[in-house]
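Structure data follow from my_file_16.cif (mmCIF, C-alpha atoms and all ligand atoms):
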```cif
data_model
loop_
_atom_site.label_atom_id
_atom_site.label_comp_id
_atom_site.auth_asym_id
_atom_site.auth_seq_id
_atom_site.Cartn_x
_atom_site.Cartn_y
_atom_site.Cartn_z
CA MET A 783 117.25 258.14 51.73
CA THR A 784 115.57 257.07 48.54
CA GLN A 785 112.76 259.54 49.00
CA ASN A 786 115.08 262.45 49.73
CA ARG A 787 117.23 261.77 46.75
CA PRO A 788 117.45 264.88 44.57
CA HIS A 789 115.80 264.77 41.15
CA PHE A 790 116.52 266.68 38.01
CA ALA A 791 113.89 269.38 37.86
CA THR A 792 112.70 269.17 34.29
CA ARG A 793 112.70 266.91 31.28
CA LEU A 794 115.03 269.37 29.58
CA GLY A 795 117.30 268.96 32.59
CA VAL A 796 117.34 265.20 32.06
CA ILE A 797 118.28 265.47 28.41
CA ALA A 798 120.72 268.29 28.91
CA THR A 799 122.59 266.41 31.64
CA THR A 800 122.78 263.03 29.93
CA VAL A 801 123.69 264.71 26.66
CA GLY A 802 126.03 266.93 28.66
CA SER A 803 127.83 263.84 29.90
CA ALA A 804 127.88 262.19 26.49
CA VAL A 805 128.86 265.21 24.41
CA GLY A 806 132.35 266.44 25.09
CA LEU A 807 135.90 265.90 23.97
CA GLY A 808 134.85 262.41 22.92
CA ASN A 809 132.86 263.84 20.02
CA ILE A 810 134.92 266.83 19.06
CA TRP A 811 138.47 265.74 19.83
CA ARG A 812 138.48 261.92 19.99
CA PHE A 813 136.01 261.00 17.24
CA PRO A 814 137.80 262.88 14.41
CA TYR A 815 141.22 261.54 15.30
CA GLU A 816 139.98 257.97 15.81
CA ALA A 817 138.17 258.13 12.46
CA GLY A 818 141.31 259.68 10.96
CA THR A 819 143.66 256.95 12.18
CA HIS A 820 141.21 254.18 11.34
CA GLY A 821 140.55 255.04 7.73
CA GLY A 822 137.41 257.26 7.79
CA GLY A 823 134.23 255.92 6.17
CA ALA A 824 134.44 252.26 7.17
CA PHE A 825 135.20 253.23 10.77
CA LEU A 826 132.17 255.54 10.75
CA ILE A 827 129.81 252.77 9.61
CA ILE A 828 131.08 250.31 12.21
CA TYR A 829 130.88 253.04 14.86
CA ILE A 830 127.26 253.82 14.02
CA ALA A 831 126.40 250.10 14.00
CA CYS A 832 127.95 249.77 17.48
CA ILE A 833 125.85 252.70 18.73
CA ALA A 834 122.61 251.30 17.32
CA VAL A 835 123.00 247.64 18.14
CA ILE A 836 125.01 247.77 21.36
CA GLY A 837 125.00 251.37 22.60
CA ILE A 838 121.27 252.08 22.78
CA PRO A 839 120.37 248.80 24.53
CA VAL A 840 123.19 249.33 27.04
CA ILE A 841 122.06 252.92 27.77
CA CYS A 842 118.58 251.52 28.44
CA ALA A 843 120.08 248.86 30.70
CA GLU A 844 121.98 251.49 32.70
CA PHE A 845 118.91 253.72 32.89
CA VAL A 846 116.76 250.86 34.14
CA MET A 847 119.28 249.81 36.79
CA GLY A 848 119.79 253.39 37.97
CA ARG A 849 116.17 254.34 38.29
CA ALA A 850 114.96 251.02 39.64
CA SER A 851 117.59 251.02 42.41
CA ARG A 852 118.10 254.76 42.91
CA ARG A 853 121.70 253.93 43.79
CA ASN A 854 125.24 254.23 42.47
CA ILE A 855 126.64 251.30 40.46
CA PHE A 856 127.60 249.21 43.52
CA GLY A 857 124.34 249.85 45.32
CA ALA A 858 122.41 249.15 42.13
CA PHE A 859 123.86 245.65 41.79
CA ARG A 860 123.46 245.05 45.51
CA THR A 861 119.80 246.11 45.46
CA LEU A 862 118.80 244.42 42.22
CA ALA A 863 120.77 241.17 42.24
CA PRO A 864 119.45 238.19 44.13
CA ARG A 865 121.24 237.68 47.51
CA GLY A 866 123.00 241.05 47.35
CA GLY A 867 124.95 240.20 44.18
CA ARG A 868 128.41 239.89 45.78
CA TRP A 869 130.05 238.95 42.50
CA TRP A 870 128.14 241.49 40.47
CA GLN A 871 129.37 244.31 42.63
CA SER A 872 132.80 243.83 41.10
CA VAL A 873 131.38 245.51 37.99
CA GLY A 874 131.35 248.58 40.23
CA VAL A 875 135.10 248.23 40.77
CA LEU A 876 135.55 248.32 36.99
CA GLY A 877 133.33 251.39 36.78
CA ILE A 878 135.29 253.30 39.38
CA LEU A 879 138.66 252.29 37.97
CA GLY A 880 137.55 253.25 34.46
CA SER A 881 136.16 256.61 35.52
CA VAL A 882 139.34 257.49 37.43
CA LEU A 883 141.55 256.57 34.45
CA ILE A 884 139.39 258.53 32.03
CA LEU A 885 139.13 261.58 34.24
CA SER A 886 142.94 261.57 34.53
CA PHE A 887 143.71 261.84 30.83
CA TYR A 888 140.53 263.74 29.95
CA SER A 889 141.51 266.56 32.32
CA VAL A 890 144.75 266.96 30.40
CA VAL A 891 142.95 267.45 27.09
CA ALA A 892 140.36 269.70 28.72
CA GLY A 893 143.39 271.66 29.97
CA TRP A 894 144.53 272.11 26.37
CA THR A 895 141.25 273.91 25.68
CA ILE A 896 142.10 276.43 28.44
CA GLU A 897 145.43 277.15 26.74
CA TYR A 898 143.78 277.58 23.35
CA LEU A 899 141.07 279.74 24.86
CA LEU A 900 143.62 282.04 26.49
CA GLN A 901 145.70 282.17 23.33
CA SER A 902 142.60 283.04 21.31
CA LEU A 903 141.87 285.87 23.72
CA ALA A 904 145.45 287.11 23.67
CA GLY A 905 145.65 286.87 19.88
CA THR A 906 148.72 284.62 20.04
CA LEU A 907 147.05 281.59 18.47
CA ASP A 908 146.81 283.38 15.16
CA ALA A 909 150.40 284.60 15.41
CA VAL A 910 151.76 281.08 14.83
CA ALA A 911 152.17 280.15 11.16
CA SER A 912 150.40 276.96 10.04
CA SER A 913 153.70 275.20 9.46
CA GLU A 914 154.86 276.03 12.99
CA ARG A 915 151.66 274.93 14.68
CA GLN A 916 152.78 271.39 15.35
CA ILE A 917 155.99 272.59 16.98
CA ALA A 918 154.05 275.09 19.10
CA PHE A 919 151.63 272.36 20.17
CA ASP A 920 154.45 269.99 21.12
CA ARG A 921 156.23 272.73 23.01
CA PHE A 922 153.08 273.54 24.98
CA THR A 923 152.11 269.93 25.79
CA GLY A 924 155.70 269.19 26.79
CA GLY A 925 155.86 272.15 29.19
CA TRP A 926 154.67 273.00 32.69
CA ARG A 927 151.60 275.00 31.62
CA CYS A 928 149.99 271.80 30.41
CA VAL A 929 150.27 270.38 33.95
CA LEU A 930 148.97 273.61 35.45
CA TRP A 931 145.84 273.58 33.27
CA THR A 932 145.18 269.95 34.20
CA VAL A 933 145.16 271.01 37.84
CA VAL A 934 142.90 273.97 37.06
CA ILE A 935 140.42 271.66 35.31
CA LEU A 936 140.30 269.38 38.32
CA GLY A 937 139.73 272.41 40.56
CA LEU A 938 136.85 273.65 38.40
CA ASN A 939 135.42 270.15 38.33
CA CYS A 940 135.48 269.98 42.16
CA ALA A 941 133.71 273.30 42.42
CA ILE A 942 130.84 272.20 40.16
CA VAL A 943 130.49 268.75 41.69
CA LEU A 944 130.27 270.29 45.16
CA GLY A 945 127.44 272.50 43.92
CA GLY A 946 125.20 269.40 44.10
CA VAL A 947 123.04 267.79 41.51
CA ARG A 948 120.37 270.18 40.48
CA LYS A 949 122.16 273.46 41.02
CA GLY A 950 125.50 272.54 39.53
CA ILE A 951 124.98 270.04 36.80
CA GLU A 952 121.60 270.95 35.46
CA ARG A 953 122.16 274.68 35.28
CA VAL A 954 125.43 274.44 33.40
CA SER A 955 124.14 271.85 30.94
CA ASN A 956 120.85 273.54 30.13
CA LEU A 957 122.55 276.64 28.92
CA LEU A 958 125.54 275.18 27.25
CA MET A 959 124.34 272.39 25.01
CA PRO A 960 122.13 274.43 22.67
CA LEU A 961 124.78 277.11 22.31
CA LEU A 962 127.46 274.59 21.44
CA PHE A 963 125.20 272.97 18.91
CA ILE A 964 124.52 276.23 17.06
CA LEU A 965 128.21 277.06 16.96
CA LEU A 966 129.11 273.64 15.58
CA VAL A 967 126.54 273.85 12.80
CA THR A 968 127.88 277.27 11.80
CA LEU A 969 131.43 275.94 11.69
CA ALA A 970 130.32 272.93 9.64
CA VAL A 971 128.73 275.20 7.03
CA ASN A 972 131.94 277.19 6.91
CA SER A 973 134.00 274.00 6.37
CA LEU A 974 131.70 272.84 3.58
CA LEU A 975 132.72 275.96 1.67
CA LEU A 976 136.44 275.14 1.87
CA PRO A 977 138.19 273.95 -1.31
CA GLY A 978 139.03 270.55 0.25
CA ALA A 979 135.43 269.89 1.29
CA ALA A 980 134.78 267.18 -1.31
CA SER A 981 137.92 265.18 -0.40
CA GLY A 982 137.15 265.57 3.30
CA LEU A 983 133.59 264.34 2.94
CA GLU A 984 134.72 261.50 0.76
CA PHE A 985 137.22 260.41 3.40
CA LEU A 986 134.58 260.53 6.14
CA PHE A 987 131.61 259.08 4.30
CA ARG A 988 132.92 256.75 1.58
CA PRO A 989 133.75 253.44 3.26
CA ASP A 990 136.74 251.40 2.17
CA PHE A 991 136.35 248.07 3.92
CA SER A 992 139.65 246.74 2.59
CA THR A 993 141.41 248.66 5.38
CA VAL A 994 139.27 247.19 8.16
CA ASP A 995 141.03 244.95 10.64
CA SER A 996 140.25 243.97 14.22
CA SER A 997 141.88 247.12 15.60
CA VAL A 998 139.47 249.28 13.56
CA ILE A 999 136.49 247.35 14.95
CA LEU A 1000 137.76 247.50 18.53
CA GLY A 1001 138.50 251.20 18.06
CA ALA A 1002 134.94 251.85 16.84
CA LEU A 1003 133.46 249.87 19.72
CA GLY A 1004 135.63 251.73 22.23
CA GLN A 1005 134.70 255.08 20.67
CA ALA A 1006 130.99 254.22 20.88
CA PHE A 1007 131.29 253.43 24.59
CA PHE A 1008 133.51 256.43 25.27
CA SER A 1009 131.27 258.85 23.45
CA LEU A 1010 128.09 257.59 25.10
CA SER A 1011 129.75 257.51 28.58
CA LEU A 1012 128.76 253.85 28.84
CA GLY A 1013 129.82 250.82 30.79
CA LEU A 1014 131.04 252.61 33.93
CA GLY A 1015 127.74 253.46 35.57
CA THR A 1016 127.61 257.12 34.46
CA MET A 1017 124.23 256.82 32.83
CA MET A 1018 123.18 254.65 35.76
CA ILE A 1019 123.95 257.26 38.39
CA TYR A 1020 122.28 259.99 36.32
CA ALA A 1021 119.17 257.82 35.86
CA SER A 1022 119.05 257.42 39.63
CA TYR A 1023 118.30 261.16 39.72
CA PHE A 1024 115.52 260.91 37.08
CA SER A 1025 111.95 261.40 38.17
CA PRO A 1026 109.62 258.40 37.87
CA ALA A 1027 107.91 260.14 34.96
CA THR A 1028 110.99 260.39 32.74
CA PRO A 1029 110.50 258.19 29.64
CA LEU A 1030 113.68 256.11 29.56
CA LEU A 1031 113.61 254.79 26.03
CA LYS A 1032 112.97 258.19 24.54
CA SER A 1033 115.73 259.72 26.64
CA ALA A 1034 118.14 256.96 25.61
CA ALA A 1035 117.36 257.45 21.93
CA THR A 1036 117.63 261.23 22.19
CA THR A 1037 120.96 261.02 24.01
CA ALA A 1038 122.45 258.57 21.51
CA GLY A 1039 121.01 260.48 18.54
CA LEU A 1040 122.30 263.88 19.61
CA ASP A 1041 125.67 262.50 20.64
CA THR A 1042 126.17 260.84 17.27
CA LEU A 1043 124.99 263.93 15.45
CA VAL A 1044 127.56 266.08 17.26
CA ALA A 1045 130.35 263.62 16.38
CA LEU A 1046 129.26 263.68 12.72
CA ILE A 1047 129.16 267.47 12.68
CA ALA A 1048 132.64 267.53 14.24
CA GLY A 1049 133.79 265.24 11.42
CA VAL A 1050 132.24 267.57 8.85
CA ILE A 1051 134.07 270.49 10.45
CA ILE A 1052 137.45 268.80 10.68
CA PHE A 1053 137.98 266.65 7.57
CA PRO A 1054 137.34 269.28 4.88
CA ALA A 1055 139.87 271.42 6.75
CA VAL A 1056 142.35 268.53 7.04
CA PHE A 1057 142.30 268.14 3.26
CA THR A 1058 142.29 271.86 2.56
CA PHE A 1059 145.24 272.71 4.78
CA GLY A 1060 147.28 269.58 4.08
CA ALA A 1061 147.12 268.05 7.57
CA GLU A 1062 147.59 264.34 8.17
CA PRO A 1063 144.24 262.59 8.98
CA ALA A 1064 146.11 260.01 11.07
CA ALA A 1065 147.90 262.63 13.19
CA GLY A 1066 146.38 261.24 16.40
CA PRO A 1067 145.37 263.24 19.50
CA LYS A 1068 146.84 266.50 18.22
CA LEU A 1069 144.80 266.47 14.99
CA VAL A 1070 141.93 268.71 16.03
CA PHE A 1071 144.10 271.17 17.93
CA GLU A 1072 146.31 271.67 14.89
CA VAL A 1073 143.56 272.02 12.35
CA LEU A 1074 141.04 274.18 14.20
CA PRO A 1075 143.12 277.39 14.29
CA ASP A 1076 143.44 277.19 10.50
CA ILE A 1077 139.67 277.02 10.26
CA PHE A 1078 138.98 279.94 12.58
CA TYR A 1079 141.59 282.32 11.31
CA ARG A 1080 140.39 282.07 7.75
CA MET A 1081 136.93 283.16 8.83
CA PRO A 1082 136.12 286.85 9.25
CA GLY A 1083 136.41 287.63 12.97
CA GLY A 1084 138.56 284.55 13.58
CA ALA A 1085 139.53 285.44 17.14
CA VAL A 1086 135.88 285.67 18.15
CA TRP A 1087 135.05 282.25 16.66
CA SER A 1088 138.08 280.71 18.21
CA THR A 1089 137.38 282.17 21.65
CA LEU A 1090 133.75 281.12 21.58
CA PHE A 1091 134.58 277.62 20.37
CA PHE A 1092 137.23 276.86 22.98
CA LEU A 1093 135.08 278.34 25.72
CA LEU A 1094 132.16 276.09 24.79
CA LEU A 1095 134.42 273.08 24.34
CA LEU A 1096 135.85 273.73 27.80
CA LEU A 1097 132.37 273.87 29.29
CA ALA A 1098 131.29 270.76 27.37
CA SER A 1099 134.31 268.95 28.79
CA LEU A 1100 133.34 270.02 32.28
CA THR A 1101 129.82 268.64 31.93
CA SER A 1102 131.51 265.33 31.07
CA THR A 1103 134.12 265.43 33.84
CA ILE A 1104 131.44 266.04 36.45
CA SER A 1105 129.63 262.92 35.30
CA MET A 1106 132.83 260.89 35.61
CA SER A 1107 133.42 262.15 39.14
CA GLU A 1108 129.83 261.47 40.09
CA ILE A 1109 130.47 257.71 39.79
CA SER A 1110 133.06 257.64 42.58
CA VAL A 1111 131.56 260.47 44.62
CA ALA A 1112 128.12 258.82 44.75
CA TYR A 1113 129.78 255.50 45.60
CA LEU A 1114 131.87 256.93 48.44
CA SER A 1115 129.01 258.90 49.92
CA GLU A 1116 126.30 256.25 49.54
CA GLN A 1117 128.24 253.10 50.33
CA TRP A 1118 130.77 254.49 52.79
CA GLY A 1119 128.71 257.28 54.28
CA MET A 1120 131.41 259.84 53.44
CA SER A 1121 130.38 263.48 53.20
CA ARG A 1122 130.16 264.72 49.62
CA ARG A 1123 132.97 267.14 50.32
CA LYS A 1124 135.33 264.41 51.54
CA ALA A 1125 134.37 262.11 48.67
CA VAL A 1126 135.13 264.85 46.13
CA ALA A 1127 138.46 265.56 47.85
CA LEU A 1128 139.52 261.90 47.83
CA ASN A 1129 138.53 261.34 44.21
CA SER A 1130 140.20 264.55 43.08
CA GLY A 1131 143.37 263.77 45.05
CA ILE A 1132 143.84 260.44 43.29
CA VAL A 1133 143.01 261.89 39.88
CA LEU A 1134 145.37 264.80 40.50
CA VAL A 1135 148.33 262.42 40.83
CA LEU A 1136 147.33 260.27 37.84
CA GLY A 1137 146.34 263.30 35.74
CA THR A 1138 149.73 264.90 36.38
CA LEU A 1139 151.42 261.72 35.15
CA CYS A 1140 149.28 261.84 32.00
CA ALA A 1141 150.16 265.50 31.43
CA LEU A 1142 153.86 264.76 31.90
CA SER A 1143 153.68 261.92 29.41
CA PHE A 1144 153.91 264.52 26.62
CA GLY A 1145 157.12 265.93 28.09
CA PRO A 1146 159.49 264.52 30.72
CA LEU A 1147 157.74 261.14 30.80
CA SER A 1148 157.35 260.75 27.04
CA ASP A 1149 159.94 257.96 26.97
CA PHE A 1150 158.22 255.99 29.70
CA THR A 1151 156.06 253.50 27.82
CA VAL A 1152 154.17 250.31 28.62
CA CYS A 1153 153.46 248.03 25.63
CA GLY A 1154 154.62 250.88 23.40
CA LYS A 1155 152.08 253.32 24.88
CA THR A 1156 152.73 256.41 26.99
CA ILE A 1157 150.83 256.72 30.27
CA PHE A 1158 148.27 258.97 28.57
CA GLU A 1159 147.74 256.52 25.71
CA LEU A 1160 147.67 253.55 28.05
CA PHE A 1161 144.96 255.05 30.29
CA ASP A 1162 142.85 255.90 27.26
CA TYR A 1163 143.32 252.50 25.68
CA VAL A 1164 142.64 250.45 28.82
CA ALA A 1165 139.62 252.48 29.88
CA SER A 1166 137.97 253.00 26.48
CA ASN A 1167 138.78 249.80 24.65
CA ILE A 1168 138.75 247.33 27.54
CA ILE A 1169 137.05 248.52 30.73
CA MET A 1170 134.06 250.29 29.17
CA PRO A 1171 133.06 247.54 26.70
CA LEU A 1172 133.67 244.90 29.39
CA GLY A 1173 131.52 246.83 31.89
CA GLY A 1174 128.86 247.24 29.19
CA MET A 1175 128.94 243.53 28.46
CA LEU A 1176 128.45 242.63 32.13
CA ILE A 1177 125.69 245.20 32.57
CA SER A 1178 123.85 243.79 29.53
CA VAL A 1179 124.22 240.22 30.79
CA PHE A 1180 122.91 241.30 34.18
CA VAL A 1181 119.89 243.17 32.86
CA GLY A 1182 119.19 240.58 30.14
CA TRP A 1183 119.54 237.44 32.24
CA VAL A 1184 119.44 238.24 35.94
CA LEU A 1185 117.18 241.25 36.44
CA LYS A 1186 113.47 240.49 36.72
CA ARG A 1187 111.83 241.10 33.37
CA GLN A 1188 108.99 242.79 35.21
CA THR A 1189 111.35 245.48 36.58
CA PHE A 1190 112.72 246.08 33.09
CA ASP A 1191 109.28 246.44 31.52
CA LEU A 1192 108.00 248.61 34.33
CA GLU A 1193 110.84 251.10 34.06
CA LEU A 1194 110.65 251.33 30.28
CA LYS A 1195 106.89 251.72 30.23
CA PRO A 1196 105.17 252.92 27.95
CA ALA A 1197 107.47 251.39 25.31
CA PRO A 1198 105.71 249.00 22.88
CA ARG A 1199 106.06 245.29 23.66
CA MET A 1200 107.93 244.54 20.44
CA LEU A 1201 110.58 247.11 21.21
CA LEU A 1202 110.98 245.77 24.73
CA ASN A 1203 111.48 242.27 23.36
CA ALA A 1204 114.03 243.53 20.85
CA LEU A 1205 115.94 245.33 23.60
CA VAL A 1206 115.98 242.27 25.83
CA PHE A 1207 117.11 240.14 22.90
CA SER A 1208 120.00 242.50 22.27
CA LEU A 1209 120.93 242.61 25.95
CA ARG A 1210 120.86 238.82 26.21
CA PHE A 1211 122.59 237.85 23.00
CA ILE A 1212 123.65 240.56 20.58
CA ALA A 1213 125.40 243.13 22.79
CA PRO A 1214 127.36 240.70 25.00
CA GLY A 1215 127.98 238.33 22.06
CA ALA A 1216 129.29 241.08 19.78
CA ILE A 1217 131.52 242.58 22.48
CA ALA A 1218 132.91 239.14 23.39
CA LEU A 1219 133.52 238.36 19.72
CA ILE A 1220 135.33 241.64 19.14
CA PHE A 1221 137.54 240.95 22.17
CA ILE A 1222 138.30 237.40 21.03
CA VAL A 1223 139.07 238.35 17.44
CA TYR A 1224 141.28 241.19 18.62
CA ILE A 1225 143.29 238.98 20.92
N1 LIG B 1 131.25 260.77 26.77
C1 LIG B 1 132.20 261.73 27.16
C2 LIG B 1 132.70 262.46 25.93
O1 LIG B 1 132.38 262.10 24.84
C3 LIG B 1 133.32 261.13 27.95
C4 LIG B 1 132.89 260.32 29.14
C5 LIG B 1 133.35 259.03 29.28
C6 LIG B 1 132.07 260.85 30.12
C7 LIG B 1 132.97 258.26 30.38
C8 LIG B 1 131.70 260.09 31.22
C9 LIG B 1 132.16 258.79 31.34
O2 LIG B 1 133.45 263.37 26.01
#
```

Turn this file's structure into structure tokens for me.
Ligand code: PHE
Amino acid sequence: MTQNRPHFATRLGVIATTVGSAVGLGNIWRFPYEAGTHGGGAFLIIYIACIAVIGIPVICAEFVMGRASRRNIFGAFRTLAPRGGRWWQSVGVLGILGSVLILSFYSVVAGWTIEYLLQSLAGTLDAVASSERQIAFDRFTGGWRCVLWTVVILGLNCAIVLGGVRKGIERVSNLLMPLLFILLVTLAVNSLLLPGAASGLEFLFRPDFSTVDSSVILGALGQAFFSLSLGLGTMMIYASYFSPATPLLKSAATTAGLDTLVALIAGVIIFPAVFTFGAEPAAGPKLVFEVLPDIFYRMPGGAVWSTLFFLLLLLASLTSTISMSEISVAYLSEQWGMSRRKAVALNSGIVLVLGTLCALSFGPLSDFTVCGKTIFELFDYVASNIIMPLGGMLISVFVGWVLKRQTFDLELKPAPRMLLNALVFSLRFIAPGAIALIFIVYI
């Protein structure tokens, strides 16, 4: 089985798929609103520190486990841990649970991009006055179309995942990522010319540490894991499709670098507009969807920009949803011998039910809360702030302490010795220690 395992065809394919998984709504929708609710500049610095000190070592750890075992997260622990790693396999349970929760609420937001895309095409997005935009957004997310688009997203996701590894994932990602990048840079330049640009940049880049509390730090840690698709075995399963020649460290650094760059560019697009058009930086999940139309429709040819943007954002979301599904689908087909088709059907069936609940939590279920959070907020919080960092912590402990050092060095070859030592040091002490500390302080 190992020998027949499909590989990504090219190095560009490797980067485009891992970046395709990492770059998505996490950068363009979640990063700006998380930074907005958590005070801007200070959040950004803590977020970048989490990426550098914890994120990059954990990506390397996932890459090493994936390529060394050529298995899904369960199989990886079973193959690499001494005596089959019974206990370690429970990290796989976390991974699957986390990916199902994320896919459920992520599909809802990806569904919003369908609505905005169609409205851009129909010209109705521009017809709503700025002051009415919030009401229009609430009306849409509280209505049945929001549920319908969630279902459509899951359908599209199934279709791509069934296309198999090379055909489906690689082809979509190769084309999409560069296009999205060019569009984002253009929009950022446009935002820098807005009258509120200086205030927006100041909010995003000038740190005010007096506002930092444990929730800001946990939020930044969660955002780093969410944005890099870490801690659930996503990067692990993708690395299991890498060829033996793929340089892991370089790929990890490129993925983290590009992902962070896209989040920063999204911040540069959104915050000048927030301050120009009088939006509330702490508006939460609706922030980006309220502000973007104002940006587009003040540019010449607004409908074209808007259409192109939502189309690319939709595709970028799909390259992330397919990586979430791949965790469970690879598990069900490799560990349980299920056909890919059945595995996709089972995963999608469960997510369909949970995703519908998330979609309804903006309307009929908006009063149903657990610990003050709606179902949508709860899924996001539990998966991003708890399951992903916890999974990342266990993966670092495993690779740092349990995995043979020889396997680690061999997979990361030709990285210089000093860098390897630094990575192992982080995986042994810094990453798990920092995550544990953040958890303890938060509690
Ligand atoms: N990283 C993705 C994004 O930023 C989300 C994601 C999370 C993808 C977990 C896979 C696994 O949109």

Legend entry - Of the listed residues A:Ser973, A:Gln1005, A:Asn809, A:Asn854, that which approaches ligand LIG 1 (chain B) most closely, counting all atoms listed in the file: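 Among A:Ser973, A:Gln1005, A:Asn809, A:Asn854, it is A:Asn809 that comes nearest to ligand LIG 1 (chain B).
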
Inset, instruction - Could you give me the residues within 9 Å of ligand LIG 1 (chain B), counting all atoms listed in the file, as JSON, numbers by chain? - result: {"A": [801, 802, 803, 804, 805, 806, 807, 808, 809, 810, 811, 812, 813, 880, 881, 884, 885, 888, 1005, 1006, 1007, 1008, 1009, 1010, 1011, 1012, 1013, 1014, 1015, 1016, 1017, 1041, 1045, 1098, 1099, 1101, 1102, 1103, 1104, 1105, 1106, 1107, 1109, 1165, 1166, 1170]}

Inset, instruction - Rank nothing, just name the residue among A:Pro989, A:Pro1029, A:Glu1072, A:Ala1064 nearest to Val910 of chain A, using all atoms listed in the file. - result: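 Closest to Val910 of chain A, using all atoms listed in the file: A:Glu1072.
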
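Of the listed residues (A:Ala1197, A:Ile1132, A:Ala1021, A:Leu986), A:Leu986 comes nearest to Pro1063 of chain A; the distances count all atoms listed in the file.
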
Kindly provide, as JSON, the centre and edge lengths (Å, one decimal) of an axis-aligned box around all atoms of segment 955-971 of chain A given in the file, with 5 Å on each side.
```
{"center_x": 126.1, "center_y": 274.6, "center_z": 19.0, "size_x": 20.6, "size_y": 15.4, "size_z": 33.9}
```

Inset, instruction - Take atom CA of Ala1034 of chain A and atom CA of Leu876 of chain A and report the distance between them in Å, one decimal. - result: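 So the two atoms, atom CA of Ala1034 of chain A and atom CA of Leu876 of chain A, lie 22.5 Å apart.
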